[in-house]
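> Below: one structure in structure tokens.
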Amino acid sequence: MGYPKDLLSSRSIIKHGLYALIAPEGLVNNVVPGFENCTMSILGSPKLGASFVDYIITMHEGGKNSEGFCGQEDVESFVYVLGGKVKATADGQEYILKESGYLYCPPGVKMYLENVESGDSRLFLYKQKYKPLEGRKPWVVSGHSNDIEYRDYDEMHNVHIKDLLPMELDFDMNFHILSFDPAASHPFIETHVQEHGAYLLSGEGMYNLDNEWIPVKKGDYIFMGPYVHQAAYAVGREPLTYVYSKDCNRDASL
């Protein structure tokens with residue numbers, strides 16, 4: 001990076017256990033065993049207060065994880081392709097994932113990733129401990145979000161949502177894409193038990209986190225802890241769109 005060209009400053013905000021905004025310009029690379037020829041940063045994690053781990057990855061030409069990712073009997077994983085093209089393998093099945101492609105692996109299934117783009121590919125990667133439910137078991141799911149039609153969010157025609165995973169009790173979490181037309185917003189400031197890890201795909205906005213309005217834009221990462229106030233306004237000339245995780249379909253534990 002070289003010497004700084006101005007006073008040191010950051011847009012990132014860290015409130016452990018509550019919320020975080022992590023701007024891309026402040027990310028530091030992490031070495032994660034098993035990933036070869038990749039540049040990675042760990043975003044959300046239990047050290048931040050999340051019950052999951054999120055990563056942002058640039059797979060350089062020839063980059064891969066030949067030993068597989070996750071695969072433990074109680075850990076599930078998900079990957080979303082932000083750009084480029086990767087070959088993903090799970091349970092012996094291969095998937096070619098271009099931009100907007102994704103793959104979910106249930107507990108006990110390893111995820112193998114290989115960059116098959118001539119340049120870099122960029123990924124948003126997730127893992128979490130699965131909460132079992134008697135008589136239910138999730139399965140491998142893959143697709144491209146660009147092939148899924150938006151539906152109106154909360155009966156509002158200027159806010160749109162896509163569900164990337166089945167809305168079945170077998171799954172204890174889901175990934176969604178939420179998109180706000182310019183000047184659109186949530187219908188109210190939400191307060192709920194679920195937590196989120198969100199990566200902003202496009203646009204700019206103002207996000208309410210714990211009743212603080214914070215400017216956000218494409219490339220930012222947001223962690224939202226349980227019961228933290230949250231809502232967004234889209235500003236600028238393009239939709240404010242993000243992909244995010246949400247725990248669901250389970251009772252609260254005592």
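Residues are referred to by chain and number: the chain letter is A, B, ... according to the order shown in the structure tokens, the number counts from 1 in that chain, and ligands are numbered separately from 1 in the order shown.
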Which polymer residues have any atom within 7 Å of an atom of range 64-66 of chain A, counting only C-alpha atoms, with same-chain residues fewer than 2 positions away left out, as a list in words?

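Skipping anything fewer than 2 positions along the chain leaves Gly34, Phe35, Glu36, Asn37, Gly62, Gly68, Tyr112, Leu113, Glu114 and Asn115 of chain A.
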
> Please identify the strand (DSSP E or B) residues within range 37-176 of chain A (assignment by DSSP from backbone atoms) and present them as a PyMOL selection string.

chain A and resi 37-42+52-64+69+75-83+85-90+93-98+101-105+111-115+121-129+141-144+151-153+156-163+173-176

> Residues near Val81 in chain A, anyone? I mean within 8 Å using only C-alpha atoms, not counting same-chain ones fewer than 3 positions away, as a list in words.

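In the requested form, the answer reads Gly84, Lys85, Val86, Leu97, Lys98, Glu99, Ser100, Gly101, Tyr102, Ser121, Arg122, Leu123 and Phe124 of chain A.
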
> Would you mind exporting all heavy atoms of the selected residues as a short mmCIF file (atom, residue, chain, number, x, y, z; two decimals), in the first residue's frame?


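Written output follows (selection-v7.cif):
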```cif
data_model
loop_
_atom_site.label_atom_id
_atom_site.label_comp_id
_atom_site.auth_asym_id
_atom_site.auth_seq_id
_atom_site.Cartn_x
_atom_site.Cartn_y
_atom_site.Cartn_z
N GLY A 84 -16.67 -13.13 -11.25
CA GLY A 84 -15.81 -14.19 -11.76
C GLY A 84 -16.57 -15.48 -11.98
O GLY A 84 -17.79 -15.51 -12.21
N LYS A 85 -15.86 -16.60 -11.89
CA LYS A 85 -16.47 -17.91 -12.11
C LYS A 85 -15.70 -18.95 -11.32
O LYS A 85 -14.47 -19.01 -11.38
CB LYS A 85 -16.48 -18.26 -13.60
CG LYS A 85 -17.15 -19.57 -13.93
CD LYS A 85 -17.38 -19.74 -15.43
CE LYS A 85 -16.11 -19.84 -16.22
NZ LYS A 85 -16.34 -20.17 -17.64
N VAL A 86 -16.41 -19.78 -10.57
CA VAL A 86 -15.77 -20.84 -9.79
C VAL A 86 -16.45 -22.17 -10.06
O VAL A 86 -17.64 -22.22 -10.41
CB VAL A 86 -15.81 -20.54 -8.27
CG1 VAL A 86 -15.11 -19.24 -7.95
CG2 VAL A 86 -17.24 -20.54 -7.74
N LEU A 97 -20.41 -21.83 -10.99
CA LEU A 97 -21.09 -20.66 -10.43
C LEU A 97 -20.45 -19.39 -10.97
O LEU A 97 -19.28 -19.12 -10.73
CB LEU A 97 -21.00 -20.68 -8.90
CG LEU A 97 -21.52 -21.95 -8.20
CD1 LEU A 97 -21.32 -21.83 -6.70
CD2 LEU A 97 -22.98 -22.19 -8.54
N LYS A 98 -21.24 -18.62 -11.70
CA LYS A 98 -20.81 -17.31 -12.16
C LYS A 98 -21.33 -16.25 -11.19
O LYS A 98 -21.88 -16.58 -10.14
CB LYS A 98 -21.32 -17.06 -13.58
CG LYS A 98 -20.81 -18.07 -14.60
CD LYS A 98 -21.35 -17.79 -15.98
CE LYS A 98 -20.87 -18.84 -16.98
NZ LYS A 98 -21.41 -18.58 -18.35
N GLU A 99 -21.18 -14.98 -11.51
CA GLU A 99 -21.68 -13.91 -10.65
C GLU A 99 -23.15 -14.15 -10.31
O GLU A 99 -23.95 -14.46 -11.20
CB GLU A 99 -21.53 -12.56 -11.35
CG GLU A 99 -22.00 -11.39 -10.50
CD GLU A 99 -21.81 -10.06 -11.18
OE1 GLU A 99 -21.06 -10.01 -12.18
OE2 GLU A 99 -22.40 -9.07 -10.72
N SER A 100 -23.50 -14.06 -9.04
CA SER A 100 -24.81 -14.33 -8.46
C SER A 100 -25.04 -15.80 -8.17
O SER A 100 -26.09 -16.17 -7.64
CB SER A 100 -25.97 -13.79 -9.32
OG SER A 100 -26.43 -14.73 -10.27
N GLY A 101 -24.07 -16.67 -8.49
CA GLY A 101 -24.21 -18.08 -8.18
C GLY A 101 -23.96 -18.36 -6.71
O GLY A 101 -23.20 -17.66 -6.05
N TYR A 102 -24.60 -19.43 -6.20
CA TYR A 102 -24.43 -19.76 -4.79
C TYR A 102 -24.55 -21.26 -4.58
O TYR A 102 -25.08 -22.00 -5.41
CB TYR A 102 -25.45 -19.02 -3.93
CG TYR A 102 -26.91 -19.32 -4.26
CD1 TYR A 102 -27.59 -20.37 -3.65
CD2 TYR A 102 -27.59 -18.54 -5.19
CE1 TYR A 102 -28.92 -20.64 -3.95
CE2 TYR A 102 -28.92 -18.80 -5.49
CZ TYR A 102 -29.58 -19.86 -4.87
OH TYR A 102 -30.89 -20.12 -5.18
N SER A 121 -11.67 -14.20 -9.02
CA SER A 121 -13.07 -14.37 -8.66
C SER A 121 -13.24 -13.93 -7.22
O SER A 121 -12.35 -14.13 -6.39
CB SER A 121 -13.52 -15.83 -8.81
OG SER A 121 -13.58 -16.22 -10.17
N ARG A 122 -14.39 -13.33 -6.90
CA ARG A 122 -14.64 -12.82 -5.55
C ARG A 122 -15.85 -13.52 -4.95
O ARG A 122 -16.88 -13.71 -5.62
CB ARG A 122 -14.86 -11.30 -5.57
CG ARG A 122 -13.64 -10.54 -6.06
CD ARG A 122 -13.82 -9.03 -5.94
NE ARG A 122 -13.90 -8.62 -4.54
CZ ARG A 122 -14.98 -8.12 -3.95
NH1 ARG A 122 -16.11 -7.98 -4.63
NH2 ARG A 122 -14.96 -7.77 -2.68
N LEU A 123 -15.71 -13.92 -3.68
CA LEU A 123 -16.73 -14.73 -3.01
C LEU A 123 -17.07 -14.16 -1.65
O LEU A 123 -16.23 -13.59 -0.96
CB LEU A 123 -16.23 -16.17 -2.82
CG LEU A 123 -15.55 -16.88 -4.00
CD1 LEU A 123 -15.03 -18.23 -3.55
CD2 LEU A 123 -16.52 -17.03 -5.15
N PHE A 124 -18.32 -14.36 -1.25
CA PHE A 124 -18.79 -14.11 0.11
C PHE A 124 -19.10 -15.48 0.70
O PHE A 124 -19.95 -16.21 0.20
CB PHE A 124 -20.04 -13.22 0.07
CG PHE A 124 -20.58 -12.82 1.42
CD1 PHE A 124 -19.76 -12.28 2.39
CD2 PHE A 124 -21.93 -12.98 1.70
CE1 PHE A 124 -20.28 -11.90 3.62
CE2 PHE A 124 -22.46 -12.60 2.93
CZ PHE A 124 -21.63 -12.06 3.90
#
```

> For range 142-158 of chain A, work out the shell of residues within 12 Å, counting only C-alpha atoms and skipping chain neighbours fewer than 5 positions away, then give it as number ranges by chain.

A: 77-82, 85, 87-90, 93-106, 111, 163-166, 175-188, 233-234, 239-243

> Write out as a list of chain:residue names the residues lying within 8 Å of Ala50 in chain A, counting only C-alpha atoms and excluding same-chain residues fewer than 6 positions away.

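Everything that qualifies: A:Gly17, A:Gly44, A:Glu195, A:Phe223, A:Gly225.
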
> For Val32 in chain A, work out the shell of residues within 10 Å, counting only C-alpha atoms and skipping chain neighbours fewer than 4 positions away, then give it as a ChimeraX atom specification.

/A:36,38-42,65

> With N, CA, C and O atoms kept, could you save the residues just selected as an mmCIF file, in the first residue's frame?


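For reference, out.cif as written:
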```
data_model
loop_
_atom_site.group_PDB
_atom_site.id
_atom_site.type_symbol
_atom_site.label_atom_id
_atom_site.label_comp_id
_atom_site.auth_asym_id
_atom_site.auth_seq_id
_atom_site.Cartn_x
_atom_site.Cartn_y
_atom_site.Cartn_z
ATOM 1 N N GLU A 36 -5.672 -21.885 -1.026
ATOM 2 C CA GLU A 36 -4.428 -21.661 -1.758
ATOM 3 C C GLU A 36 -4.615 -20.554 -2.791
ATOM 4 O O GLU A 36 -5.622 -20.523 -3.497
ATOM 5 N N CYS A 38 -5.279 -17.435 -2.479
ATOM 6 C CA CYS A 38 -6.474 -16.653 -2.184
ATOM 7 C C CYS A 38 -6.117 -15.519 -1.218
ATOM 8 O O CYS A 38 -5.251 -15.680 -0.357
ATOM 9 N N THR A 39 -6.782 -14.391 -1.377
ATOM 10 C CA THR A 39 -6.699 -13.300 -0.420
ATOM 11 C C THR A 39 -8.012 -13.269 0.348
ATOM 12 O O THR A 39 -9.082 -13.149 -0.264
ATOM 13 N N MET A 40 -7.945 -13.395 1.679
ATOM 14 C CA MET A 40 -9.147 -13.554 2.487
ATOM 15 C C MET A 40 -9.142 -12.607 3.670
ATOM 16 O O MET A 40 -8.090 -12.300 4.229
ATOM 17 N N SER A 41 -10.342 -12.161 4.056
ATOM 18 C CA SER A 41 -10.526 -11.418 5.301
ATOM 19 C C SER A 41 -11.727 -12.001 6.035
ATOM 20 O O SER A 41 -12.771 -12.260 5.429
ATOM 21 N N ILE A 42 -11.562 -12.210 7.330
ATOM 22 C CA ILE A 42 -12.666 -12.663 8.173
ATOM 23 C C ILE A 42 -13.464 -11.433 8.593
ATOM 24 O O ILE A 42 -12.907 -10.473 9.131
ATOM 25 N N ASN A 65 -9.491 -24.451 -2.721
ATOM 26 C CA ASN A 65 -9.366 -25.032 -1.378
ATOM 27 C C ASN A 65 -9.458 -26.546 -1.523
ATOM 28 O O ASN A 65 -10.512 -27.151 -1.347
#
```

> Mind pulling up the distance from CA of Ser202 in chain A to CA of Gly219 in chain A?

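We find that CA of Gly219 in chain A and CA of Ser202 in chain A lie 7.6 Å from each other.
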
> One number please: CA of Val140 in chain A to CA of Tyr55 in chain A, in Å, one decimal.

20.2 Å

> Quick one: pull the distance between CA of Ala252 in chain A and CA of Gln128 in chain A, Å, one decimal.

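About the pair CA of Ala252 in chain A and CA of Gln128 in chain A: they are 16.2 Å apart.
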